[in-house]
$ cat structure04.cif   # mmCIF, C-alpha atoms
data_start
#
loop_
_atom_site.label_atom_id
_atom_site.label_comp_id
_atom_site.auth_asym_id
_atom_site.auth_seq_id
_atom_site.Cartn_x
_atom_site.Cartn_y
_atom_site.Cartn_z
CA MET A 23 -5.41 -23.92 -4.71
CA ASN A 24 -6.94 -24.79 -8.03
CA GLU A 25 -4.78 -25.45 -11.06
CA GLY A 26 -5.90 -22.30 -12.81
CA GLY A 27 -3.35 -20.01 -11.22
CA VAL A 28 -1.73 -18.59 -8.14
CA ASN A 29 -3.03 -15.83 -5.89
CA VAL A 30 -0.16 -13.52 -4.96
CA ALA A 31 -0.04 -10.90 -2.23
CA LEU A 32 2.79 -8.42 -2.06
CA LEU A 33 2.73 -6.82 1.34
CA LEU A 34 4.69 -3.72 2.31
CA CYS A 35 4.79 -2.85 5.92
CA PHE A 36 6.96 0.00 6.87
CA SER A 37 7.76 1.53 10.12
CA PHE A 38 6.56 -0.77 12.77
CA VAL A 39 5.55 0.73 16.02
CA PHE A 40 8.44 -1.21 17.27
CA PRO A 41 11.33 -0.06 19.38
CA GLN A 42 13.49 -0.83 16.41
CA GLU A 43 11.30 0.66 13.72
CA LEU A 44 10.87 -2.68 11.96
CA LYS A 45 9.49 -1.91 8.54
CA ILE A 46 8.08 -4.47 6.22
CA ALA A 47 7.31 -4.50 2.57
CA MET A 48 6.02 -7.45 0.78
CA GLY A 49 4.44 -6.74 -2.49
CA VAL A 50 2.07 -6.01 0.16
CA GLN A 51 3.71 -4.17 2.95
CA VAL A 52 2.68 -5.68 6.15
CA GLN A 53 3.97 -6.59 9.63
CA ARG A 54 4.23 -6.02 13.29
CA HIS A 55 6.29 -7.86 15.85
CA GLN A 56 5.75 -9.54 19.13
CA ILE A 57 8.38 -8.40 21.56
CA GLU A 58 9.31 -9.58 24.99
CA ASN A 59 9.63 -6.79 27.50
CA PHE A 60 8.07 -4.52 24.87
CA GLN A 61 7.14 -1.85 27.41
CA ARG A 62 10.70 -1.55 28.71
CA TYR A 63 12.17 -1.14 25.25
CA ALA A 64 9.39 1.18 24.12
CA GLU A 65 10.16 3.52 27.00
CA ARG A 66 13.84 3.46 26.12
CA SER A 67 13.10 4.06 22.45
CA ALA A 68 10.39 6.71 22.72
CA ARG A 69 11.77 8.59 19.73
CA CYS A 70 11.11 5.64 17.46
CA LEU A 71 7.80 4.64 18.95
CA ARG A 72 6.43 7.67 20.72
CA LEU A 73 4.54 5.08 22.72
CA SER A 74 6.17 5.13 26.14
CA THR A 75 2.82 5.62 27.90
CA ARG A 76 0.45 4.39 25.20
CA GLN A 77 0.11 0.66 25.74
CA PRO A 78 2.48 -0.67 23.07
CA GLU A 79 1.17 -4.18 23.60
CA ASN A 80 -2.22 -3.08 22.27
CA LEU A 81 -0.61 -1.46 19.25
CA GLN A 82 1.28 -4.66 18.48
CA LYS A 83 -1.92 -6.68 18.68
CA THR A 84 -3.71 -4.20 16.43
CA TRP A 85 -0.98 -4.40 13.83
CA LEU A 86 -0.94 -8.19 13.75
CA ARG A 87 -4.72 -8.31 13.68
CA GLU A 88 -4.88 -6.05 10.62
CA PHE A 89 -2.13 -8.02 8.88
CA TYR A 90 -3.79 -11.37 9.52
CA GLN A 91 -7.16 -10.01 8.41
CA THR A 92 -5.64 -8.89 5.12
CA VAL A 93 -4.09 -12.30 4.52
CA HIS A 94 -7.37 -14.01 5.42
CA ALA A 95 -9.44 -11.72 3.19
CA HIS A 96 -7.35 -12.28 0.06
CA LYS A 97 -6.22 -15.85 0.73
CA PRO A 98 -2.93 -15.62 -1.18
CA HIS A 99 -0.96 -18.74 -2.08
CA PHE A 100 2.25 -16.73 -2.05
CA VAL A 101 2.96 -13.89 0.34
CA ALA A 102 6.01 -11.63 0.02
CA LEU A 103 6.83 -9.38 2.94
CA HIS A 104 9.66 -6.84 2.74
CA CYS A 105 11.12 -5.14 5.79
CA GLN A 106 13.29 -2.09 6.28
CA GLU A 107 15.13 -0.86 9.37
CA VAL A 108 15.25 -4.30 10.95
CA GLY A 109 16.49 -3.69 14.47
CA GLY A 110 16.04 0.08 14.21
CA LYS A 111 18.55 2.40 15.85
CA ASN A 112 19.33 0.18 18.86
CA TYR A 113 20.59 -2.81 16.90
CA GLU A 114 22.46 -4.69 19.59
CA GLU A 115 19.61 -4.52 22.09
CA SER A 116 16.80 -5.15 19.63
CA MET A 117 17.91 -7.90 17.26
CA THR A 118 16.92 -10.71 19.60
CA HIS A 119 13.37 -9.35 19.63
CA VAL A 120 13.28 -9.28 15.84
CA ASP A 121 14.15 -12.96 15.85
CA SER A 122 11.47 -13.62 18.44
CA PHE A 123 8.89 -11.83 16.33
CA VAL A 124 9.72 -13.83 13.22
CA LYS A 125 9.39 -17.08 15.14
CA GLU A 126 6.02 -15.95 16.46
CA LEU A 127 4.88 -15.14 12.93
CA LEU A 128 6.02 -18.50 11.56
CA SER A 129 4.19 -20.41 14.30
CA SER A 130 1.00 -18.32 14.41
CA ASP A 131 -2.36 -20.00 13.81
CA ALA A 132 -3.19 -17.37 11.19
CA MET A 133 -0.23 -18.49 9.06
CA LYS A 134 -0.40 -22.22 9.80
CA GLU A 135 -1.43 -23.11 6.23
CA TYR A 136 1.81 -21.64 4.88
CA GLY A 137 3.96 -24.73 5.23
CA LYS A 138 6.96 -23.32 3.35
CA ALA A 139 8.78 -20.11 4.17
CA ARG A 140 12.03 -18.30 3.54
CA ILE A 141 13.12 -15.53 5.90
CA TYR A 142 16.16 -13.35 5.14
CA LEU A 143 17.18 -10.85 7.82
CA ASP A 144 20.25 -8.64 7.49
CA GLU A 145 21.20 -8.46 11.17
CA ASN A 146 24.96 -8.04 10.85
CA TYR A 147 25.01 -4.50 12.23
CA ARG A 148 28.71 -4.76 13.08
CA SER A 149 29.58 -4.63 9.37
CA GLN A 150 29.27 -0.99 8.30
CA GLU A 151 30.34 -1.98 4.81
CA HIS A 152 27.46 -4.40 4.23
CA PHE A 153 24.66 -3.76 6.76
CA THR A 154 21.34 -2.75 5.13
CA ALA A 155 18.88 -3.57 7.94
CA LEU A 156 16.63 -5.17 5.32
CA GLY A 157 14.49 -8.23 5.80
CA SER A 158 12.59 -10.23 3.18
CA CYS A 159 9.98 -12.78 4.25
CA TYR A 160 8.20 -15.19 1.92
CA PHE A 161 5.36 -17.55 2.80
CA LEU A 162 4.10 -20.30 0.48
CA HIS A 163 0.75 -22.02 0.97
CA GLU A 164 0.75 -25.76 1.55
CA THR A 165 -1.33 -26.29 -1.60
CA LEU A 166 1.22 -24.54 -3.80
CA LYS A 167 3.19 -27.26 -5.58
CA ASN A 168 6.50 -27.26 -7.44
CA THR A 169 7.67 -23.88 -6.14
CA LEU A 170 11.21 -22.94 -7.11
CA GLN A 171 13.71 -20.32 -5.99
CA PHE A 172 16.75 -19.22 -7.98
CA ASP A 173 20.30 -19.81 -6.79
CA PHE A 174 22.29 -16.83 -8.09
CA LYS A 175 25.64 -18.55 -7.65
CA ALA A 176 24.73 -21.90 -9.21
CA LYS A 177 22.49 -20.14 -11.76
CA LYS A 178 19.71 -22.68 -11.42
CA TYR A 179 16.40 -23.06 -9.63
CA LYS A 180 15.99 -25.14 -6.49
CA LYS A 181 12.84 -26.56 -5.02
CA VAL A 182 11.48 -24.80 -1.94
CA ILE A 183 10.95 -27.22 0.93
CA GLY A 184 10.11 -26.47 4.55
CA LYS A 185 10.83 -23.29 6.50
CA GLU A 186 14.27 -21.70 6.67
CA ILE A 187 15.62 -18.57 8.32
CA TYR A 188 18.81 -16.83 7.24
CA SER A 189 20.25 -13.96 9.24
CA ASP A 190 23.41 -12.16 10.29
CA THR A 191 25.68 -12.48 7.22
CA LEU A 192 23.58 -12.70 4.08
CA GLU A 193 26.59 -12.18 1.81
CA SER A 194 27.22 -15.93 1.88
CA THR A 195 23.63 -16.77 0.93
CA SER A 196 23.42 -17.61 -2.77
CA MET A 197 19.63 -17.49 -2.86
CA LEU A 198 19.62 -13.70 -2.97
CA GLU A 199 21.56 -10.66 -4.08
CA LYS A 200 22.14 -7.91 -1.53
CA GLU A 201 23.89 -4.58 -1.92
CA LYS A 202 24.28 -1.48 0.18
CA PHE A 203 24.49 1.84 -1.61
CA PRO A 204 27.91 3.54 -1.52
CA GLN A 205 28.29 6.15 1.22
CA GLU A 206 28.93 8.88 -1.34
CA TYR A 207 25.33 8.49 -2.51
CA PHE A 208 24.20 10.18 0.70
CA PRO A 209 27.18 11.96 2.31
CA GLU A 210 24.97 13.84 4.80
CA CYS A 211 24.41 10.59 6.68
CA LYS A 212 27.38 9.36 8.71
CA TRP A 213 26.33 5.73 8.33
CA SER A 214 23.59 4.93 5.86
CA ARG A 215 21.88 1.53 5.83
CA LYS A 216 20.10 2.01 2.53
CA GLY A 217 20.29 -0.71 -0.11
CA PHE A 218 18.35 -3.58 -1.73
CA ILE A 219 17.80 -7.34 -1.63
CA ARG A 220 16.72 -9.33 -4.67
CA THR A 221 15.24 -12.83 -4.84
CA ARG A 222 13.91 -14.77 -7.85
CA TRP A 223 10.99 -17.21 -7.87
CA ALA A 224 9.21 -19.56 -10.28
CA LEU A 225 5.53 -20.29 -9.61
CA ALA A 226 2.96 -21.72 -12.00
CA ASP A 227 5.56 -21.76 -14.81
CA CYS A 228 6.14 -18.04 -14.25
CA ALA A 229 9.47 -16.60 -13.12
CA PHE A 230 9.80 -13.17 -11.51
CA ASP A 231 12.11 -11.12 -9.30
CA LEU A 232 11.10 -9.53 -5.99
CA VAL A 233 13.28 -6.62 -4.91
CA ASN A 234 13.21 -5.18 -1.40
CA ILE A 235 14.44 -1.58 -1.43
CA HIS A 236 15.08 1.28 0.98
CA LEU A 237 16.05 4.63 -0.53
CA PHE A 238 17.34 7.83 1.07
CA HIS A 239 15.12 10.17 3.06
CA ASP A 240 14.85 13.96 3.10
CA ALA A 241 17.27 15.12 5.79
CA SER A 242 15.81 18.64 5.96
CA ASN A 243 12.44 20.11 4.99
CA LEU A 244 14.16 23.44 4.41
CA VAL A 245 16.67 22.00 1.95
CA ALA A 246 13.92 20.03 0.19
CA TRP A 247 11.97 23.29 -0.24
CA GLU A 248 14.86 25.23 -1.81
CA LYS A 249 14.45 24.00 -5.38
CA SER A 250 12.42 21.72 -7.62
CA PRO A 251 13.23 18.90 -7.92
CA SER A 252 15.02 18.73 -4.59
CA VAL A 253 18.57 17.55 -4.11
CA TYR A 254 17.19 14.55 -2.22
CA SER A 255 15.04 13.59 -5.18
CA GLY A 256 18.18 13.48 -7.29
CA THR A 257 19.88 11.18 -4.79
CA ARG A 258 16.97 8.76 -4.82
CA GLN A 259 16.87 8.86 -8.62
CA LYS A 260 20.53 7.90 -8.79
CA ALA A 261 20.14 5.01 -6.34
CA LEU A 262 16.99 3.63 -7.96
CA GLY A 263 18.56 3.87 -11.40
CA TYR A 264 21.50 1.86 -10.09
CA VAL A 265 19.17 -0.88 -8.81
CA LEU A 266 17.26 -1.08 -12.08
CA ASP A 267 20.48 -1.33 -14.09
CA ARG A 268 21.77 -4.00 -11.73
CA ILE A 269 18.71 -6.27 -11.86
CA THR A 270 18.40 -6.04 -15.64
CA ASP A 271 22.05 -6.50 -16.63
CA GLN A 272 23.40 -9.43 -18.65
CA ARG A 273 24.41 -11.72 -15.79
CA TYR A 274 21.08 -13.53 -15.67
CA GLU A 275 18.03 -14.09 -17.84
CA ARG A 276 15.68 -11.12 -17.68
CA VAL A 277 12.36 -11.82 -16.01
CA PRO A 278 9.45 -9.65 -14.83
CA TYR A 279 10.23 -7.87 -11.58
CA PHE A 280 8.37 -6.27 -8.69
CA ILE A 281 10.25 -3.73 -6.62
CA PHE A 282 8.68 -2.60 -3.38
CA GLY A 283 9.71 -1.06 -0.11
CA ASP A 284 10.34 2.38 1.34
CA PHE A 285 11.29 4.48 -1.67
CA ASN A 286 11.08 7.60 0.48
CA PHE A 287 9.47 9.36 -2.50
CA ARG A 288 8.35 12.83 -1.42
CA LEU A 289 6.04 15.40 -2.93
CA ASP A 290 7.72 18.27 -4.74
CA ALA A 291 8.14 20.39 -1.61
CA LYS A 292 8.60 23.75 -3.32
CA HIS A 293 5.48 23.43 -5.44
CA VAL A 294 3.41 21.87 -2.64
CA VAL A 295 4.17 24.80 -0.36
CA GLU A 296 3.36 27.25 -3.13
CA SER A 297 0.00 25.52 -3.63
CA LEU A 298 -0.91 25.24 0.05
CA CYS A 299 0.21 28.79 0.82
CA SER A 300 -0.74 30.54 -2.42
CA SER A 301 -2.34 33.49 -0.63
CA ALA A 302 0.08 33.67 2.29
CA THR A 303 3.13 35.80 2.97
CA MET A 304 6.43 34.25 4.01
CA GLN A 305 8.60 35.24 6.96
CA THR A 306 12.19 33.99 7.08
CA ILE A 307 13.90 33.47 10.42
CA ARG A 308 17.66 32.93 10.46
CA ALA A 309 19.95 31.44 13.07
CA ALA A 310 21.82 34.13 15.00
CA ASP A 311 25.18 32.37 14.89
CA THR A 312 25.26 31.13 11.28
CA ASN A 313 22.70 33.34 9.52
CA GLU A 314 21.33 30.20 7.88
CA VAL A 315 17.59 29.84 7.40
CA ASP A 316 16.20 28.25 10.55
CA LYS A 317 12.47 28.63 10.04
CA LEU A 318 9.90 29.72 7.46
CA ILE A 319 6.52 31.00 8.59
CA PHE A 320 3.65 31.45 6.12
CA ARG A 321 0.80 33.71 7.29
CA GLU A 322 -2.54 34.65 5.82
CA VAL A 323 -2.66 38.18 4.44
CA ASP A 324 -5.73 38.96 6.53
CA ASN A 325 -7.62 36.91 9.15
CA ASP A 326 -5.36 38.26 11.91
CA ARG A 327 -2.29 37.02 10.06
CA LYS A 328 -3.02 33.44 11.09
CA VAL A 329 -0.12 31.02 10.58
CA VAL A 330 -0.85 28.64 7.70
CA LEU A 331 2.40 26.70 7.64
CA GLN A 332 5.53 26.58 9.78
CA LEU A 333 8.52 24.92 8.14
CA GLU A 334 11.71 23.86 9.90
CA LYS A 335 14.35 21.19 9.32
CA LYS A 336 12.15 18.52 10.88
CA LEU A 337 8.86 20.36 11.18
CA PHE A 338 6.04 20.62 8.64
CA ASN A 339 3.13 22.07 10.58
CA TYR A 340 0.24 22.83 8.22
CA ILE A 341 -3.00 24.31 9.50
CA ASN A 342 -5.34 21.78 7.86
CA GLN A 343 -4.37 18.13 7.66
CA ASP A 344 -7.67 17.24 5.99
CA VAL A 345 -6.18 18.19 2.63
CA PHE A 346 -3.97 15.08 2.89
CA ARG A 347 -6.91 12.80 3.70
CA GLU A 348 -9.84 14.13 1.70
CA ASN A 349 -10.48 11.98 -1.37
CA ASN A 350 -7.36 10.03 -0.37
CA GLY A 351 -5.18 13.07 -0.96
CA THR A 352 -5.63 12.90 -4.74
CA ARG A 353 -5.37 16.68 -4.98
CA LEU A 354 -1.69 16.29 -4.12
CA LEU A 355 -0.86 13.50 -6.58
CA GLU A 356 0.15 16.12 -9.14
CA PHE A 357 3.15 16.86 -6.90
CA ASP A 358 4.14 13.18 -6.70
CA LYS A 359 6.70 13.41 -9.51
CA GLU A 360 9.70 11.27 -8.60
CA LEU A 361 8.51 8.15 -10.40
CA SER A 362 7.98 10.03 -13.68
CA VAL A 363 11.72 9.88 -14.40
CA PHE A 364 11.35 6.10 -14.73
CA LYS A 365 8.06 6.06 -16.66
CA ASP A 366 9.57 3.82 -19.37
CA ARG A 367 10.98 1.32 -16.86
CA LEU A 368 8.63 1.25 -13.87
CA HIS A 369 4.87 1.10 -13.57
CA GLU A 370 2.38 1.38 -10.74
CA LEU A 371 -1.32 0.80 -10.40
CA ASP A 372 -3.49 3.81 -9.62
CA ILE A 373 -3.06 5.04 -6.06
CA SER A 374 -6.36 5.11 -4.18
CA PHE A 375 -5.12 5.49 -0.61
CA PRO A 376 -3.85 8.51 1.36
CA PRO A 377 -0.14 9.32 1.74
CA SER A 378 1.51 6.46 3.65
CA TYR A 379 3.83 8.58 5.82
CA PRO A 380 4.31 10.08 8.45
CA TYR A 381 1.43 8.84 10.59
CA SER A 382 1.20 9.51 14.29
CA GLU A 383 2.40 6.69 16.51
CA ASP A 384 -0.16 7.57 19.15
CA THR A 385 -2.40 4.50 19.30
CA SER A 386 -5.50 6.69 19.56
CA GLN A 387 -4.70 8.61 16.35
CA GLY A 388 -5.06 6.13 13.49
CA LYS A 389 -5.60 8.78 10.80
CA GLN A 390 -3.50 11.64 12.17
CA TYR A 391 -0.20 12.65 10.57
CA MET A 392 2.80 13.80 12.55
CA ASN A 393 3.94 17.38 11.95
CA THR A 394 7.46 16.32 11.03
CA ARG A 395 7.28 15.98 7.23
CA CYS A 396 4.87 16.77 4.45
CA PRO A 397 2.74 13.63 4.04
CA ALA A 398 3.81 11.61 1.01
CA TRP A 399 3.43 8.23 -0.68
CA CYS A 400 6.79 6.84 0.47
CA ASP A 401 5.77 3.20 0.43
CA ARG A 402 5.07 1.82 -3.03
CA ILE A 403 4.79 -1.35 -5.07
CA LEU A 404 6.28 -0.85 -8.53
CA MET A 405 6.80 -3.26 -11.40
CA SER A 406 8.38 -3.73 -14.80
CA SER A 407 6.30 -3.63 -17.99
CA SER A 408 6.31 -7.42 -18.19
CA ALA A 409 5.26 -7.72 -14.55
CA LYS A 410 2.40 -5.28 -15.15
CA ASP A 411 1.28 -7.53 -18.01
CA LEU A 412 1.16 -10.45 -15.57
CA VAL A 413 -0.92 -8.49 -13.08
CA LEU A 414 -3.33 -7.09 -15.66
CA LYS A 415 -3.74 -10.24 -17.78
CA PRO A 416 -7.23 -10.70 -19.30
CA GLU A 417 -7.69 -13.68 -16.97
CA ASN A 418 -7.67 -11.23 -14.08
CA GLU A 419 -10.68 -9.27 -15.32
CA ASP A 420 -13.04 -11.25 -13.13
CA LYS A 421 -10.51 -11.42 -10.32
CA ALA A 422 -9.97 -8.26 -8.35
CA VAL A 423 -6.51 -6.69 -8.52
CA ILE A 424 -6.21 -4.64 -5.34
CA TYR A 425 -3.62 -2.00 -4.46
CA ASP A 426 -4.43 -0.49 -1.08
CA ASN A 427 -3.21 0.18 2.43
CA ILE A 428 -3.70 -1.84 5.60
CA GLY A 429 -5.29 -0.59 8.79
CA PRO A 430 -6.62 2.70 7.38
CA ASN A 431 -8.47 3.61 10.56
CA VAL A 432 -6.06 2.39 13.22
CA CYS A 433 -2.50 3.14 14.25
CA MET A 434 -0.03 0.97 12.34
CA GLY A 435 3.10 2.99 13.06
CA ASP A 436 4.53 6.01 11.25
CA HIS A 437 4.24 4.25 7.87
CA LYS A 438 0.89 2.81 6.84
CA PRO A 439 1.43 -0.62 5.24
CA VAL A 440 0.39 -1.04 1.60
CA PHE A 441 -0.32 -4.21 -0.38
CA LEU A 442 -0.94 -5.53 -3.87
CA SER A 443 -3.10 -8.60 -4.38
CA PHE A 444 -3.41 -10.25 -7.80
CA ARG A 445 -3.55 -13.59 -9.58
CA ILE A 446 -0.96 -15.21 -11.83
CA ALA A 447 -2.52 -17.53 -14.40
CA ALA A 448 -0.87 -20.90 -14.93
CA GLY A 449 1.67 -20.64 -17.74
CA ALA A 450 1.58 -16.84 -17.67
CA GLY A 451 5.35 -16.78 -17.97
CA LYS A 452 5.49 -18.59 -21.30
CA PRO A 453 7.36 -18.87 -23.65
CA ASN A 454 10.00 -19.06 -20.93
CA ALA A 455 8.05 -21.58 -18.91
CA ASN A 456 9.73 -24.58 -20.51
CA LYS A 457 13.13 -23.27 -19.47
CA HIS A 458 12.06 -23.24 -15.87
CA LYS A 459 10.59 -26.74 -16.12
CA CYS A 460 13.90 -28.04 -17.39
CA CYS A 461 16.11 -26.39 -14.82
CA VAL A 462 18.03 -28.50 -12.34
CA VAL A 463 16.24 -28.65 -9.02
CA GLN A 464 17.89 -29.57 -5.74
#
$ encode --input "structure04.cif" --output "structure tokens"
Amino acid sequence: MNEGGVNVALLLCFSFVFPQELKIAMGVQVQRHQIENFQRYAERSARCLRLSTRQPENLQKTWLREFYQTVHAHKPHFVALHCQEVGGKNYEESMTHVDSFVKELLSSDAMKEYGKARIYLDENYRSQEHFTALGSCYFLHETLKNTLQFDFKAKKYKKVIGKEIYSDTLESTSMLEKEKFPQEYFPECKWSRKGFIRTRWALADCAFDLVNIHLFHDASNLVAWEKSPSVYSGTRQKALGYVLDRITDQRYERVPYFIFGDFNFRLDAKHVVESLCSSATMQTIRAADTNEVDKLIFREVDNDRKVVLQLEKKLFNYINQDVFRENNGTRLLEFDKELSVFKDRLHELDISFPPSYPYSEDTSQGKQYMNTRCPAWCDRILMSSSAKDLVLKPENEDKAVIYDNIGPNVCMGDHKPVFLSFRIAAGAGKPNANKHKCCVVQ
């Protein structure tokens, strides 16, 4: 590393093709795990992986290969990887394999130059009150000197030395803040694991927060379609607003922040359907016992009344998936509205990749979407105004700032990982830099 600055990669990797749906987000979302007895667990967890007969070992290798290639191509000095759904649905059976994967990642040849690391895994699935299933992984290159991490309890920075793994009960770890959203935020879910983890770092005289987040999903396509914005959009807005208020309150000095993970942002379902089916007629099918809407079928007026779209609680079967891939789906960005509520608080670079979810988990279908949900940009890397200034500093004009996905042509799981690669110039955090130089380091 030269003294001119620090190359940073934020990697977001959601929805591993992993029996436990390990999702990772890291300023660049990226990750895939090595798992012992992977075939046995994949067969048992076919719902999560849909891989029971599709050579899961090959998928795992593909995922790791794409991740390592991204790291090698951008050569970051600091890598942040955020994970969601650590352990997936079968926590007790799967947690040991998560640990095994992390150890493999830490000891891999591809990551051997990252001599310092901090791994935080919320594995305490027995605690319904606190369990978020989040994991935050940070890798620091051996050439990166004087790297500091903030202790939220002691309210001072501490020098980062060596590799450390924290798991099970993160509540006692003072190097992060972790919260699970109250159950009343999403009453439809009997036991929600949604929440956030926050860490704070100081590199090259620049301090910033990294927030790993997992927001609530759309429980039903039919309910999401009923009105605009949907009730689910309102739930996510409430939870994200809570996080932003929490990380910018008066307890600590305010610093630039990056917030990335599975926001579960969805396209405005009502308006998307109206656009896709503008010349179609709608047929409503109700359940015989409850008279509730069970299915919506949209048919062309002519052309033998061909079905254009079939919509059910967990089915979004549109006749032409190319619309979501052509020109990276930009035609649909006008329906990506959830972030607009926070336009004065959150910023994002221009999206130039297709919707990140829900991709097929068939290893032979790297570009195919599943017919479960309307494709959407669920996985995002967002930032505060001050963080955007860091990323888009004039010094970066000759250094590429890249916001893209990983493994665009291969199967990476139901979420396609996304990443942000940029450079922080030395002293970019001034005038606060002197404060960080003077802090007590242990």
$ closest_residue --input "structure04.cif" --among "A:Pro278, A:Val233, A:Thr257, A:Arg140" --to "Pro209 (chain A)" --atoms "only C-alpha atoms"
A:Thr257
$ resolve_selection --input "structure04.cif" --expression "the PyMOL selection byres ((chain A and resi 283) around 6)" --output "compact mmCIF listing (two decimals) with C-alpha atoms, in the coordinates of the input"
# COMPACT_ATOMS: atom_id res chain seq x y z
CA ALA A 47 7.31 -4.50 2.57
CA ASN A 234 13.21 -5.18 -1.40
CA ILE A 235 14.44 -1.58 -1.43
CA HIS A 236 15.08 1.28 0.98
CA PHE A 282 8.68 -2.60 -3.38
CA ASP A 284 10.34 2.38 1.34
CA PHE A 285 11.29 4.48 -1.67
CA ASP A 401 5.77 3.20 0.43
$ residues_around --input "structure04.cif" --residues "region 311-324 of chain A" --least-positions-apart "5" --cutoff "10 Å" --atoms "all atoms listed in the file" --output "list in words"
Asn243, Leu244, Val245, Val295, Leu298, Cys299, Ser300, Ser301, Ala302, Thr303, Met304, Gln305, Thr306, Val329, Val330, Leu331, Gln332, Leu333, Glu334, Lys335, Leu337, Phe338, Asn339 and Tyr340 of chain A
$ residues_around --input "structure04.cif" --residues "Asn286 (chain A)" --least-positions-apart "3" --cutoff "7 Å" --atoms "all atoms listed in the file" --output "list in words"
Leu237, Phe238, His239, Cys400 and Asp401 of chain A
$ closest_residue --input "structure04.cif" --among "A:Ser408, A:Met392, A:Val423, A:Leu198" --to "His437 (chain A)" --atoms "only C-alpha atoms"
A:Met392
$ atom_distance --input "structure04.cif" --atom1 "CA of Asp131 (chain A)" --atom2 "CA of Thr92 (chain A)"
14.5 Å
$ resolve_selection --input "structure04.cif" --expression "the PyMOL selection byres ((chain A and resi 253) around 12)" --output "NGL selection string"
:A and (207-208 or 210 or 238-252 or 254-260 or 288 or 290-292 or 360)
$ resolve_selection --input "structure04.cif" --expression "the PyMOL selection byres ((chain A and resi 363-366) around 9)" --output "ChimeraX atom specification"
/A:259,263,359-362,367-369,406-407
$ residues_around --input "structure04.cif" --residues "region 217-220 of chain A" --least-positions-apart "3" --cutoff "9 Å" --atoms "all atoms listed in the file" --output "list in words"
Phe153, Thr154, Ala155, Leu156, Gly157, Ser158, Met197, Leu198, Glu199, Lys200, Glu201, Lys202, Phe203, Pro204, Ser214, Asp231, Leu232, Val233, Asn234, Ile235, His236, Leu237, Ala261, Val265, Ile269 and Ile281 of chain A
$ residues_around --input "structure04.cif" --residues "Thr169 (chain A)" --least-positions-apart "2" --cutoff "9 Å" --atoms "all atoms listed in the file" --output "list of chain:residue names"
A:Leu162, A:Leu166, A:Lys167, A:Gln171, A:Lys180, A:Lys181, A:Val182, A:Ile183, A:Trp223, A:Ala224, A:Leu225, A:Ala226
$ atom_distance --input "structure04.cif" --atom1 "CA of Phe172 (chain A)" --atom2 "CA of Cys228 (chain A)"
12.4 Å
$ atom_distance --input "structure04.cif" --atom1 "CA of Phe230 (chain A)" --atom2 "CA of Arg445 (chain A)"
13.5 Å
$ closest_residue --input "structure04.cif" --among "A:Glu206, A:Asp144, A:Glu88, A:Asp436" --to "Val108 (chain A)" --atoms "only C-alpha atoms"
A:Asp144
$ closest_residue --input "structure04.cif" --among "A:Glu126, A:Glu356, A:Asp267, A:Asp411" --to "Leu289 (chain A)" --atoms "all atoms listed in the file"
A:Glu356
$ residues_around --input "structure04.cif" --residues "Thr195 (chain A)" --least-positions-apart "5" --cutoff "10 Å" --atoms "all atoms listed in the file" --output "VMD selection string"
chain A and resid 142 173 to 175 188 to 189 200
$ closest_residue --input "structure04.cif" --among "A:Ile403, A:Ala422, A:Leu32, A:Ala409" --to "Val101 (chain A)" --atoms "all atoms listed in the file"
A:Leu32
$ closest_residue --input "structure04.cif" --among "A:Gly184, A:Thr270, A:Tyr264, A:Gly27" --to "Asp227 (chain A)" --atoms "all atoms listed in the file"
A:Gly27
